[in-house]
Amino acid sequence: MELLLSNNRRWLFWGLLVSAIGILFHHAHQEGFFLDGYTYAVLGKNIAGSGNGLVPFYNKFVHTRFHDHIPFVFILEALFFKVFGVSYLTARVFIGLFSLALVLGIFVYLQHLKLYSQAFLSSFWLLASFPFLKQSRFPSPDIPLTFFSLVSVYAFYEAVRSGHRRYWFVASLALSFAMFSKGPMAVFVPITWSVYLFSLRDWKTLKSCRFWLALIGATSLFCVWPALLFYTHNEDIWFGYLNHTFLYSIKESRGLIHNDLGLYLKHLLLYCAPQVILGAFAVYRFFTSQRQDNFVQLNIIFVAVVLSLCSVMKFKYSHYIMPVYPSLAFLAACGMIELKDWNWNKVLLPITLVASLILVGIPVTSLNQRDEELLSIIKKLKTENINSKLDWINLRDAYGFWEISGLVAFELGTTVYPSEDKRISFVLANTLKTHRAIVVMNDSESIDSTSLRIVESLGQYSKKHIKAYIVEIIPDSF
């Protein structure tokens with residue numbers, strides 16, 4: 001590729017690089033994740049510690065054999081942790097590198113296509129997509145899925161455009177990595193390939209051996225995972241994954257009955273209104289103008305495929321449409337060019353640089369708004385050399401189970417057990433393998449002295465109306 005290679009465009013690349021680093025990694029060392037971030041970070045941490053990537057685990061109480069997601073991304077995260085250590089910083093940098101590769105990759109590839117006006121604007125609108133930035137703040141499979149999906153779509157475009165076999169290989173390999181990242185969500189890619197070829201009436205490519213070998217190769221490589229599970233007698237992970245993904249989530253829609261077909265469009269209009277409006281204008285110009293651009297057509301198809309398939313599903317999460325944001329950003333860039341063919345870079349590059357400097361200086365994600373009480377308890381355990389390897393008891397859901405469970409597992413590597421009964425029995429003590437534990441309870445509750453003996457108070461926290469103690473569990477007398 002003849003990327004960036006004109007001197008008058010290098011400054012754009014370096015300005016984009018500095019801005020993207022500042023925006024994507026601002027205050028990456030801060031403590032606390034979104035709820036799912038704890039889960040994914042814990043899985044990576046445990047794989048790094050155990051060395052078993054085939055069968056990840058969450059803790060001793062729940063997800064002792066985790067099967068909800070394919071472990072590919074968590075294995076990569078574990079390797080990153082092995083090299084750079086386990087921390088909030090490394091967890092965010094790990095996922096942020098995929099986001100950085102997306103931002104820079106779009107710029108470089110559009111330069112390669114000689115779409116110079118759209119190159120920086122596409123990266124700018126991707127960085128201005130709030131849901132994309134939010135997902136870049138904690139480890140999850142959605143950003144890797146987006147990265148590998150985009151690489152596969154771009155490599156496919158190059159394969160069709162140039163006919164080189166190497167691009168078919170890259171497209172197939174990236175598709176397999178997208179499948180490894182999030183299973184059936186990678187179906188967006190081959191459907192986009194097929195619809196694009198159908199729209200061009202390119203029957204020759206659609207029926208070619210290279211097209212079908214790319215699909216078969218990607219599927220065959222993906223099959224290595226279930227083959228290894230069966231070979232190592234861990235087939236329960238495979239069947240659990242199939243049940244959770246295809247039966248519970250797709251077929252049964254996790255119990256939902258009604259389908260809000262316009263939910264994703266409303267979400268995009270709420271958080272990415274400029275991108276949607278400019279992108280819609282680009283689509284309008286594409287269909288009304290005489291000139292046809294195959295690359296614009298490919299991106300329109302990809303956006304339509306992702307949104308239509310995700311909208312049909314009753315069960316919806318905002319991050320399910322994550323692969324749509326790079327193509328939406330490109331269409332927004334095309335809309336700006338159609339609106340006014342002007343050197344937008346002169347205005348927008350300084351804006352991104354200033355925004356990144358502001359984010360570096362001022363934290364947007366505030367520690368005080370997320371799990372402040374739990375982090376205070378953990379800090380007390382560490383600074384006062386109290387045994388931090390004790391398991392925890394979350395009495396009567398005093399704290400959200402997944403929040404407390406994920407934080408404790410990531411910070412301390414210990415387990416949180418729920419208890420609905422104020423009187424904690426010897427059965428639970430046997431489960432804990434110790435007579436001591438840390439109890440988190442509502443500040444209106446009182447300790448049952450026949451079941452527990454307070455060893456030390458870990459403080460009372462008015463914001464969440466909780467208090468915590470180290471307790472000794474008194475066995476039931478029979």
# chains A, B, ... in the order shown; residues from 1 in each chain; ligands from 1

$ residues_around --residues "His26 (chain A)" --least-positions-apart "6" --cutoff "12 Å" --atoms "only C-alpha atoms" --output "list in words"
Val18, Ser19, Ala20, Leu89, Arg92, Val93, Gly96, Leu133, Lys134, Ser136, Arg137, Ala355, Ser356, Leu357, Ile358, Leu359, Val360, Gly361, Ile362, Pro363, Val364, Thr365 and Ser366 of chain A

$ write_last_selection --atoms "N, CA and C atoms" --output "short mmCIF file (atom, residue, chain, number, x, y, z; two decimals), in the first residue's frame"
data_model
loop_
_atom_site.label_atom_id
_atom_site.label_comp_id
_atom_site.auth_asym_id
_atom_site.auth_seq_id
_atom_site.Cartn_x
_atom_site.Cartn_y
_atom_site.Cartn_z
N VAL A 18 -2.06 10.71 17.89
CA VAL A 18 -1.99 11.36 19.21
C VAL A 18 -3.39 11.55 19.78
N SER A 19 -4.32 12.02 18.94
CA SER A 19 -5.69 12.26 19.41
C SER A 19 -6.35 10.96 19.85
N ALA A 20 -6.19 9.89 19.04
CA ALA A 20 -6.83 8.62 19.35
C ALA A 20 -6.30 8.04 20.66
N LEU A 89 -5.46 -0.85 34.28
CA LEU A 89 -4.74 -0.24 33.15
C LEU A 89 -4.53 -1.23 32.02
N ARG A 92 -7.72 -2.26 30.19
CA ARG A 92 -8.22 -1.23 29.28
C ARG A 92 -7.30 -1.06 28.07
N VAL A 93 -6.00 -1.15 28.29
CA VAL A 93 -5.07 -1.01 27.16
C VAL A 93 -5.27 -2.17 26.19
N GLY A 96 -8.30 -1.43 24.27
CA GLY A 96 -8.11 -0.17 23.57
C GLY A 96 -7.22 -0.29 22.35
N LEU A 133 -16.73 4.43 22.13
CA LEU A 133 -15.79 4.82 23.19
C LEU A 133 -16.11 4.10 24.50
N LYS A 134 -17.39 3.95 24.79
CA LYS A 134 -17.79 3.26 26.02
C LYS A 134 -17.30 1.82 26.02
N SER A 136 -14.83 0.69 24.49
CA SER A 136 -13.36 0.69 24.49
C SER A 136 -12.78 0.88 25.89
N ARG A 137 -13.64 1.08 26.88
CA ARG A 137 -13.18 1.34 28.24
C ARG A 137 -13.12 0.09 29.11
N ALA A 355 -9.67 17.98 22.28
CA ALA A 355 -10.51 17.05 23.05
C ALA A 355 -9.65 16.01 23.76
N SER A 356 -8.64 15.50 23.08
CA SER A 356 -7.78 14.49 23.70
C SER A 356 -6.99 15.08 24.86
N LEU A 357 -6.51 16.32 24.71
CA LEU A 357 -5.76 16.97 25.79
C LEU A 357 -6.66 17.22 26.99
N ILE A 358 -7.91 17.60 26.74
CA ILE A 358 -8.86 17.81 27.84
C ILE A 358 -9.12 16.50 28.57
N LEU A 359 -9.31 15.41 27.81
CA LEU A 359 -9.58 14.12 28.43
C LEU A 359 -8.39 13.61 29.22
N VAL A 360 -7.18 13.89 28.75
CA VAL A 360 -5.98 13.49 29.50
C VAL A 360 -5.91 14.23 30.82
N GLY A 361 -6.33 15.50 30.82
CA GLY A 361 -6.23 16.30 32.03
C GLY A 361 -7.40 16.14 32.97
N ILE A 362 -8.58 15.84 32.43
CA ILE A 362 -9.79 15.77 33.26
C ILE A 362 -10.44 14.41 33.08
N PRO A 363 -10.53 13.60 34.15
CA PRO A 363 -11.16 12.28 34.02
C PRO A 363 -12.65 12.40 33.77
N VAL A 364 -13.14 11.68 32.75
CA VAL A 364 -14.57 11.65 32.47
C VAL A 364 -15.23 10.54 33.28
N THR A 365 -14.54 9.40 33.39
CA THR A 365 -15.05 8.28 34.18
C THR A 365 -14.60 8.47 35.62
N SER A 366 -15.52 8.73 36.51
CA SER A 366 -15.18 9.07 37.89
C SER A 366 -15.25 7.85 38.79
#

$ residues_around --residues "Phe147 (chain A)" --least-positions-apart "6" --cutoff "12 Å" --atoms "only C-alpha atoms" --output "VMD selection string"
chain A and resid 95 to 106 132 136 141 153 to 154 174 to 175 177 to 179 181 to 182 186 189 322 to 327

$ residues_around --residues "Lys382 (chain A)" --least-positions-apart "5" --cutoff "12 Å" --atoms "only C-alpha atoms" --output "ChimeraX atom specification"
/A:375-377,387-389,411-412,458

$ residues_around --residues "region 257-272 of chain A" --least-positions-apart "5" --cutoff "10 Å" --atoms "only C-alpha atoms" --output "list in words"
Trp125, Leu126, Ala128, Ser129, Phe130, Pro131, Glu252, Ile277, Leu307, Ser308, Cys310, Ser311, Val312, Met313, Lys314, Phe315, Lys316, Tyr317, Ser318, Tyr320, Ile321, Tyr325, Leu328 and Ala329 of chain A

$ write_last_selection --atoms "C-alpha atoms" --output "PDB file, in the first residue's frame"
ATOM      1  CA  TRP A 125     -16.659  10.206  13.376  1.00  0.00           C
ATOM      2  CA  LEU A 126     -15.674   6.829  14.808  1.00  0.00           C
ATOM      3  CA  ALA A 128     -17.004  10.743  18.104  1.00  0.00           C
ATOM      4  CA  SER A 129     -19.241   7.666  18.515  1.00  0.00           C
ATOM      5  CA  PHE A 130     -20.021   7.490  22.240  1.00  0.00           C
ATOM      6  CA  PRO A 131     -21.074   3.794  22.297  1.00  0.00           C
ATOM      7  CA  GLU A 252     -36.217 -18.142  23.283  1.00  0.00           C
ATOM      8  CA  ILE A 277     -28.092  12.155   9.698  1.00  0.00           C
ATOM      9  CA  LEU A 307     -29.148  -3.305  11.816  1.00  0.00           C
ATOM     10  CA  SER A 308     -31.783  -5.479  10.169  1.00  0.00           C
ATOM     11  CA  CYS A 310     -30.105  -7.280  15.139  1.00  0.00           C
ATOM     12  CA  SER A 311     -33.509  -5.588  15.003  1.00  0.00           C
ATOM     13  CA  VAL A 312     -35.250  -8.881  14.198  1.00  0.00           C
ATOM     14  CA  MET A 313     -33.883 -10.364  17.433  1.00  0.00           C
ATOM     15  CA  LYS A 314     -36.228  -9.686  20.357  1.00  0.00           C
ATOM     16  CA  PHE A 315     -33.436  -9.662  22.907  1.00  0.00           C
ATOM     17  CA  LYS A 316     -31.389  -6.498  22.387  1.00  0.00           C
ATOM     18  CA  TYR A 317     -28.234  -5.049  23.904  1.00  0.00           C
ATOM     19  CA  SER A 318     -26.720  -1.825  22.604  1.00  0.00           C
ATOM     20  CA  TYR A 320     -24.768  -6.052  19.698  1.00  0.00           C
ATOM     21  CA  ILE A 321     -24.618  -3.479  16.888  1.00  0.00           C
ATOM     22  CA  TYR A 325     -19.987   2.020  13.866  1.00  0.00           C
ATOM     23  CA  LEU A 328     -21.553   4.362   9.824  1.00  0.00           C
ATOM     24  CA  ALA A 329     -18.582   6.680  10.442  1.00  0.00           C
TER      25      ALA A 329
END

$ residues_around --residues "Pro226 (chain A)" --least-positions-apart "4" --cutoff "12 Å" --atoms "only C-alpha atoms" --output "tab-separated table (two decimals) with N, CA and C atoms, in the first residue's frame"
chain	number	residue	atom	x	y	z
A	54	LEU	N	-9.19	-23.39	27.48
A	54	LEU	CA	-10.34	-24.11	26.93
A	54	LEU	C	-11.55	-24.01	27.85
A	55	VAL	N	-11.32	-24.06	29.15
A	55	VAL	CA	-12.42	-24.04	30.12
A	55	VAL	C	-12.17	-22.90	31.11
A	67	HIS	N	-19.23	-21.11	29.98
A	67	HIS	CA	-19.52	-21.51	28.61
A	67	HIS	C	-20.34	-20.48	27.83
A	70	ILE	N	-17.21	-17.85	23.71
A	70	ILE	CA	-16.01	-18.54	23.24
A	70	ILE	C	-14.80	-17.89	23.91
A	71	PRO	N	-13.81	-18.64	24.37
A	71	PRO	CA	-12.73	-18.07	25.19
A	71	PRO	C	-11.63	-17.36	24.40
A	180	PHE	N	-14.57	-16.59	16.26
A	180	PHE	CA	-13.99	-16.91	17.56
A	180	PHE	C	-14.31	-15.82	18.59
A	219	THR	N	-14.94	-21.50	8.58
A	219	THR	CA	-15.76	-22.40	9.40
A	219	THR	C	-14.93	-23.56	9.92
A	220	SER	N	-14.06	-24.08	9.08
A	220	SER	CA	-13.21	-25.21	9.48
A	220	SER	C	-12.26	-24.81	10.60
A	221	LEU	N	-11.67	-23.62	10.48
A	221	LEU	CA	-10.77	-23.16	11.55
A	221	LEU	C	-11.53	-22.97	12.85
A	222	PHE	N	-12.76	-22.45	12.76
A	222	PHE	CA	-13.57	-22.27	13.96
A	222	PHE	C	-13.86	-23.62	14.63
A	230	PHE	N	-14.00	-31.65	22.67
A	230	PHE	CA	-14.35	-33.08	22.66
A	230	PHE	C	-13.10	-33.94	22.90
A	231	TYR	N	-11.98	-33.53	22.34
A	231	TYR	CA	-10.75	-34.31	22.50
A	231	TYR	C	-10.30	-34.34	23.96
A	232	THR	N	-10.53	-33.23	24.68
A	232	THR	CA	-10.11	-33.14	26.08
A	232	THR	C	-11.26	-33.48	27.04
A	233	HIS	N	-12.35	-34.06	26.51
A	233	HIS	CA	-13.50	-34.48	27.32
A	233	HIS	C	-14.16	-33.30	28.04
A	234	ASN	N	-14.20	-32.16	27.37
A	234	ASN	CA	-14.90	-30.98	27.91
A	234	ASN	C	-16.08	-30.60	27.03
A	235	GLU	N	-16.74	-31.63	26.48
A	235	GLU	CA	-17.84	-31.35	25.55
A	235	GLU	C	-19.01	-30.64	26.22
A	236	ASP	N	-19.09	-30.67	27.56
A	236	ASP	CA	-20.17	-29.95	28.24
A	236	ASP	C	-20.08	-28.45	27.99
A	237	ILE	N	-18.87	-27.93	27.78
A	237	ILE	CA	-18.69	-26.52	27.47
A	237	ILE	C	-19.33	-26.20	26.11
A	238	TRP	N	-19.13	-27.08	25.15
A	238	TRP	CA	-19.70	-26.89	23.80
A	238	TRP	C	-21.22	-26.93	23.83
A	239	PHE	N	-21.77	-27.93	24.51
A	239	PHE	CA	-23.23	-28.04	24.57
A	239	PHE	C	-23.83	-26.90	25.40
A	240	GLY	N	-23.13	-26.48	26.44
A	240	GLY	CA	-23.59	-25.34	27.22
A	240	GLY	C	-23.59	-24.06	26.40
A	241	TYR	N	-22.56	-23.90	25.56
A	241	TYR	CA	-22.49	-22.73	24.69
A	241	TYR	C	-23.63	-22.73	23.67
A	242	LEU	N	-23.87	-23.88	23.05
A	242	LEU	CA	-24.96	-23.98	22.08
A	242	LEU	C	-26.31	-23.67	22.73

$ residues_around --residues "region 210-216 of chain A" --least-positions-apart "4" --cutoff "9 Å" --atoms "only C-alpha atoms" --output "PyMOL selection string"
chain A and resi 165+168-173+175-176+190+205-206+220-221

$ write_last_selection --atoms "N, CA and C atoms" --output "JSON list (two decimals), in the first residue's frame"
[["chain", "number", "residue", "atom", "x", "y", "z"],
["A", 165, "ARG", "N", -5.33, -13.79, -4.58],
["A", 165, "ARG", "CA", -5.70, -14.86, -3.66],
["A", 165, "ARG", "C", -5.39, -14.51, -2.22],
["A", 168, "TRP", "N", -8.29, -13.13, -0.34],
["A", 168, "TRP", "CA", -9.26, -14.13, 0.06],
["A", 168, "TRP", "C", -8.80, -14.84, 1.33],
["A", 169, "PHE", "N", -7.50, -15.11, 1.42],
["A", 169, "PHE", "CA", -6.96, -15.76, 2.62],
["A", 169, "PHE", "C", -7.15, -14.87, 3.84],
["A", 170, "VAL", "N", -6.82, -13.57, 3.70],
["A", 170, "VAL", "CA", -6.98, -12.64, 4.83],
["A", 170, "VAL", "C", -8.44, -12.52, 5.22],
["A", 171, "ALA", "N", -9.32, -12.42, 4.21],
["A", 171, "ALA", "CA", -10.76, -12.31, 4.49],
["A", 171, "ALA", "C", -11.26, -13.54, 5.25],
["A", 172, "SER", "N", -10.81, -14.72, 4.84],
["A", 172, "SER", "CA", -11.23, -15.95, 5.50],
["A", 172, "SER", "C", -10.68, -16.04, 6.92],
["A", 173, "LEU", "N", -9.40, -15.71, 7.09],
["A", 173, "LEU", "CA", -8.78, -15.78, 8.42],
["A", 173, "LEU", "C", -9.45, -14.79, 9.38],
["A", 175, "LEU", "N", -12.44, -13.59, 9.14],
["A", 175, "LEU", "CA", -13.80, -14.08, 9.43],
["A", 175, "LEU", "C", -13.77, -15.14, 10.52],
["A", 176, "SER", "N", -12.80, -16.03, 10.47],
["A", 176, "SER", "CA", -12.71, -17.06, 11.52],
["A", 176, "SER", "C", -12.43, -16.42, 12.88],
["A", 190, "PRO", "N", -20.32, -12.83, 6.14],
["A", 190, "PRO", "CA", -20.62, -13.56, 4.90],
["A", 190, "PRO", "C", -21.94, -13.13, 4.25],
["A", 205, "THR", "N", -18.03, -14.47, -9.30],
["A", 205, "THR", "CA", -17.36, -14.52, -7.99],
["A", 205, "THR", "C", -18.20, -15.27, -6.98],
["A", 206, "LEU", "N", -19.52, -15.05, -7.03],
["A", 206, "LEU", "CA", -20.41, -15.71, -6.08],
["A", 206, "LEU", "C", -20.35, -17.23, -6.20],
["A", 220, "SER", "N", -14.06, -24.08, 9.08],
["A", 220, "SER", "CA", -13.21, -25.21, 9.48],
["A", 220, "SER", "C", -12.26, -24.81, 10.60],
["A", 221, "LEU", "N", -11.67, -23.62, 10.48],
["A", 221, "LEU", "CA", -10.77, -23.16, 11.55],
["A", 221, "LEU", "C", -11.53, -22.97, 12.85]]

$ atom_distance --atom1 "CA of Leu407 (chain A)" --atom2 "CA of Ile378 (chain A)"
9.6 Å

$ closest_residue --among "A:Glu472, A:Ala155, A:Ala28, A:Gln118" --to "Asn343 (chain A)" --atoms "only C-alpha atoms"
A:Gln118

$ closest_residue --among "A:Lys340, A:Lys464, A:Lys346, A:His319" --to "Asp36 (chain A)" --atoms "only C-alpha atoms"
A:His319

$ closest_residue --among "A:Ile21, A:Leu309, A:Leu331, A:Ala119" --to "Val296 (chain A)" --atoms "only C-alpha atoms"
A:Leu331

$ residues_around --residues "Ala333 (chain A)" --least-positions-apart "5" --cutoff "9 Å" --atoms "only C-alpha atoms" --output "PDB file with C-alpha atoms, in the first residue's frame"
ATOM      1  CA  SER A 117     -11.187  13.382   1.889  1.00  0.00           C
ATOM      2  CA  GLN A 118     -13.034  10.594   3.705  1.00  0.00           C
ATOM      3  CA  ALA A 119      -9.987   9.082   5.453  1.00  0.00           C
ATOM      4  CA  PHE A 120      -9.610  11.446   8.391  1.00  0.00           C
ATOM      5  CA  LEU A 121     -13.328  12.225   8.601  1.00  0.00           C
ATOM      6  CA  SER A 122     -14.189   8.522   8.990  1.00  0.00           C
ATOM      7  CA  SER A 123     -11.739   8.139  11.863  1.00  0.00           C
ATOM      8  CA  PHE A 124     -13.028  11.352  13.407  1.00  0.00           C
ATOM      9  CA  TRP A 125     -16.659  10.206  13.376  1.00  0.00           C
ATOM     10  CA  GLN A 275     -23.427  10.218  12.106  1.00  0.00           C
ATOM     11  CA  LEU A 278     -24.936  12.565   7.599  1.00  0.00           C
ATOM     12  CA  GLY A 279     -24.923   8.842   6.777  1.00  0.00           C
ATOM     13  CA  ALA A 282     -24.812   9.931   1.909  1.00  0.00           C
ATOM     14  CA  LEU A 328     -21.553   4.362   9.824  1.00  0.00           C
ATOM     15  CA  GLU A 338     -21.486  15.548  -0.340  1.00  0.00           C
TER      16      GLU A 338
END

$ select_by_dssp --residues "region 240-422 of chain A" --states "strand (DSSP E or B)" --output "list of chain:residue names"
A:Trp392, A:Ile393, A:Asn394, A:Leu395, A:Val416, A:Tyr417, A:Pro418, A:Ser419

$ closest_residue --among "A:Leu43, A:Ala280, A:Ala409, A:Val303" --to "Val195 (chain A)" --atoms "only C-alpha atoms"
A:Val303

$ select_by_dssp --residues "region 370-470 of chain A" --states "helix (DSSP H, G or I)" --output "ChimeraX atom specification"
/A:372-383,401-412,426-432

$ write_last_selection --atoms "N, CA and C atoms" --output "PDB file, in the first residue's frame"
ATOM      1  N   GLU A 372     -17.544   2.692  44.968  1.00  0.00           N
ATOM      2  CA  GLU A 372     -16.644   3.388  45.880  1.00  0.00           C
ATOM      3  C   GLU A 372     -16.534   2.655  47.219  1.00  0.00           C
ATOM      4  N   GLU A 373     -17.676   2.150  47.719  1.00  0.00           N
ATOM      5  CA  GLU A 373     -17.675   1.506  49.033  1.00  0.00           C
ATOM      6  C   GLU A 373     -16.846   0.223  49.022  1.00  0.00           C
ATOM      7  N   LEU A 374     -17.042  -0.593  47.995  1.00  0.00           N
ATOM      8  CA  LEU A 374     -16.298  -1.852  47.914  1.00  0.00           C
ATOM      9  C   LEU A 374     -14.807  -1.610  47.766  1.00  0.00           C
ATOM     10  N   LEU A 375     -14.451  -0.617  46.952  1.00  0.00           N
ATOM     11  CA  LEU A 375     -13.032  -0.306  46.760  1.00  0.00           C
ATOM     12  C   LEU A 375     -12.411   0.207  48.064  1.00  0.00           C
ATOM     13  N   SER A 376     -13.202   0.924  48.853  1.00  0.00           N
ATOM     14  CA  SER A 376     -12.702   1.388  50.161  1.00  0.00           C
ATOM     15  C   SER A 376     -12.446   0.210  51.095  1.00  0.00           C
ATOM     16  N   ILE A 377     -13.362  -0.757  51.072  1.00  0.00           N
ATOM     17  CA  ILE A 377     -13.169  -1.958  51.912  1.00  0.00           C
ATOM     18  C   ILE A 377     -11.918  -2.709  51.472  1.00  0.00           C
ATOM     19  N   ILE A 378     -11.757  -2.887  50.172  1.00  0.00           N
ATOM     20  CA  ILE A 378     -10.598  -3.625  49.656  1.00  0.00           C
ATOM     21  C   ILE A 378      -9.303  -2.886  49.965  1.00  0.00           C
ATOM     22  N   LYS A 379      -9.328  -1.557  49.848  1.00  0.00           N
ATOM     23  CA  LYS A 379      -8.134  -0.776  50.162  1.00  0.00           C
ATOM     24  C   LYS A 379      -7.776  -0.923  51.637  1.00  0.00           C
ATOM     25  N   LYS A 380      -8.783  -0.983  52.495  1.00  0.00           N
ATOM     26  CA  LYS A 380      -8.535  -1.164  53.931  1.00  0.00           C
ATOM     27  C   LYS A 380      -7.892  -2.529  54.188  1.00  0.00           C
ATOM     28  N   LEU A 381      -8.376  -3.556  53.501  1.00  0.00           N
ATOM     29  CA  LEU A 381      -7.801  -4.887  53.657  1.00  0.00           C
ATOM     30  C   LEU A 381      -6.325  -4.898  53.269  1.00  0.00           C
ATOM     31  N   LYS A 382      -6.021  -4.217  52.182  1.00  0.00           N
ATOM     32  CA  LYS A 382      -4.645  -4.238  51.670  1.00  0.00           C
ATOM     33  C   LYS A 382      -3.704  -3.385  52.504  1.00  0.00           C
ATOM     34  N   THR A 383      -4.147  -2.187  52.857  1.00  0.00           N
ATOM     35  CA  THR A 383      -3.250  -1.265  53.570  1.00  0.00           C
ATOM     36  C   THR A 383      -3.017  -1.680  55.021  1.00  0.00           C
ATOM     37  N   PHE A 401     -25.247  -8.428  43.169  1.00  0.00           N
ATOM     38  CA  PHE A 401     -24.393  -9.613  43.232  1.00  0.00           C
ATOM     39  C   PHE A 401     -23.285  -9.588  42.185  1.00  0.00           C
ATOM     40  N   TRP A 402     -23.618  -9.281  40.928  1.00  0.00           N
ATOM     41  CA  TRP A 402     -22.598  -9.358  39.883  1.00  0.00           C
ATOM     42  C   TRP A 402     -21.551  -8.269  40.031  1.00  0.00           C
ATOM     43  N   GLU A 403     -21.950  -7.086  40.522  1.00  0.00           N
ATOM     44  CA  GLU A 403     -20.973  -6.026  40.747  1.00  0.00           C
ATOM     45  C   GLU A 403     -19.974  -6.424  41.833  1.00  0.00           C
ATOM     46  N   ILE A 404     -20.494  -6.875  42.977  1.00  0.00           N
ATOM     47  CA  ILE A 404     -19.606  -7.229  44.080  1.00  0.00           C
ATOM     48  C   ILE A 404     -18.796  -8.486  43.758  1.00  0.00           C
ATOM     49  N   SER A 405     -19.438  -9.431  43.067  1.00  0.00           N
ATOM     50  CA  SER A 405     -18.758 -10.675  42.738  1.00  0.00           C
ATOM     51  C   SER A 405     -17.605 -10.438  41.769  1.00  0.00           C
ATOM     52  N   GLY A 406     -17.850  -9.626  40.734  1.00  0.00           N
ATOM     53  CA  GLY A 406     -16.802  -9.353  39.751  1.00  0.00           C
ATOM     54  C   GLY A 406     -15.658  -8.547  40.327  1.00  0.00           C
ATOM     55  N   LEU A 407     -15.980  -7.535  41.105  1.00  0.00           N
ATOM     56  CA  LEU A 407     -14.936  -6.692  41.690  1.00  0.00           C
ATOM     57  C   LEU A 407     -14.054  -7.479  42.642  1.00  0.00           C
ATOM     58  N   VAL A 408     -14.668  -8.273  43.505  1.00  0.00           N
ATOM     59  CA  VAL A 408     -13.894  -9.061  44.475  1.00  0.00           C
ATOM     60  C   VAL A 408     -13.040 -10.101  43.759  1.00  0.00           C
ATOM     61  N   ALA A 409     -13.586 -10.732  42.724  1.00  0.00           N
ATOM     62  CA  ALA A 409     -12.814 -11.732  41.976  1.00  0.00           C
ATOM     63  C   ALA A 409     -11.633 -11.097  41.263  1.00  0.00           C
ATOM     64  N   PHE A 410     -11.832  -9.897  40.684  1.00  0.00           N
ATOM     65  CA  PHE A 410     -10.750  -9.247  39.946  1.00  0.00           C
ATOM     66  C   PHE A 410      -9.692  -8.681  40.884  1.00  0.00           C
ATOM     67  N   GLU A 411     -10.127  -8.037  41.958  1.00  0.00           N
ATOM     68  CA  GLU A 411      -9.188  -7.393  42.876  1.00  0.00           C
ATOM     69  C   GLU A 411      -8.469  -8.396  43.780  1.00  0.00           C
ATOM     70  N   LEU A 412      -9.220  -9.373  44.312  1.00  0.00           N
ATOM     71  CA  LEU A 412      -8.679 -10.249  45.349  1.00  0.00           C
ATOM     72  C   LEU A 412      -8.565 -11.709  44.935  1.00  0.00           C
ATOM     73  N   PHE A 426     -23.557 -23.670  59.286  1.00  0.00           N
ATOM     74  CA  PHE A 426     -22.296 -24.395  59.179  1.00  0.00           C
ATOM     75  C   PHE A 426     -22.125 -24.970  57.770  1.00  0.00           C
ATOM     76  N   VAL A 427     -23.248 -25.204  57.087  1.00  0.00           N
ATOM     77  CA  VAL A 427     -23.163 -25.700  55.710  1.00  0.00           C
ATOM     78  C   VAL A 427     -22.412 -24.699  54.842  1.00  0.00           C
ATOM     79  N   LEU A 428     -22.739 -23.411  55.013  1.00  0.00           N
ATOM     80  CA  LEU A 428     -22.036 -22.385  54.258  1.00  0.00           C
ATOM     81  C   LEU A 428     -20.588 -22.283  54.707  1.00  0.00           C
ATOM     82  N   ALA A 429     -20.354 -22.464  55.976  1.00  0.00           N
ATOM     83  CA  ALA A 429     -18.979 -22.443  56.474  1.00  0.00           C
ATOM     84  C   ALA A 429     -18.162 -23.561  55.835  1.00  0.00           C
ATOM     85  N   ASN A 430     -18.768 -24.726  55.660  1.00  0.00           N
ATOM     86  CA  ASN A 430     -18.071 -25.820  54.985  1.00  0.00           C
ATOM     87  C   ASN A 430     -17.783 -25.485  53.520  1.00  0.00           C
ATOM     88  N   THR A 431     -18.723 -24.801  52.889  1.00  0.00           N
ATOM     89  CA  THR A 431     -18.515 -24.384  51.499  1.00  0.00           C
ATOM     90  C   THR A 431     -17.342 -23.421  51.397  1.00  0.00           C
ATOM     91  N   LEU A 432     -17.244 -22.515  52.360  1.00  0.00           N
ATOM     92  CA  LEU A 432     -16.168 -21.535  52.357  1.00  0.00           C
ATOM     93  C   LEU A 432     -14.816 -22.143  52.713  1.00  0.00           C
TER      94      LEU A 432
END

$ atom_distance --atom1 "CA of Lys463 (chain A)" --atom2 "CA of Asp448 (chain A)"
23.9 Å

$ closest_residue --among "A:Leu35, A:Ile143, A:Val416, A:Ile300" --to "Val73 (chain A)" --atoms "only C-alpha atoms"
A:Ile143

$ closest_residue --among "A:Val187, A:Leu127, A:Ala91, A:Thr415" --to "Leu24 (chain A)" --atoms "only C-alpha atoms"
A:Leu127
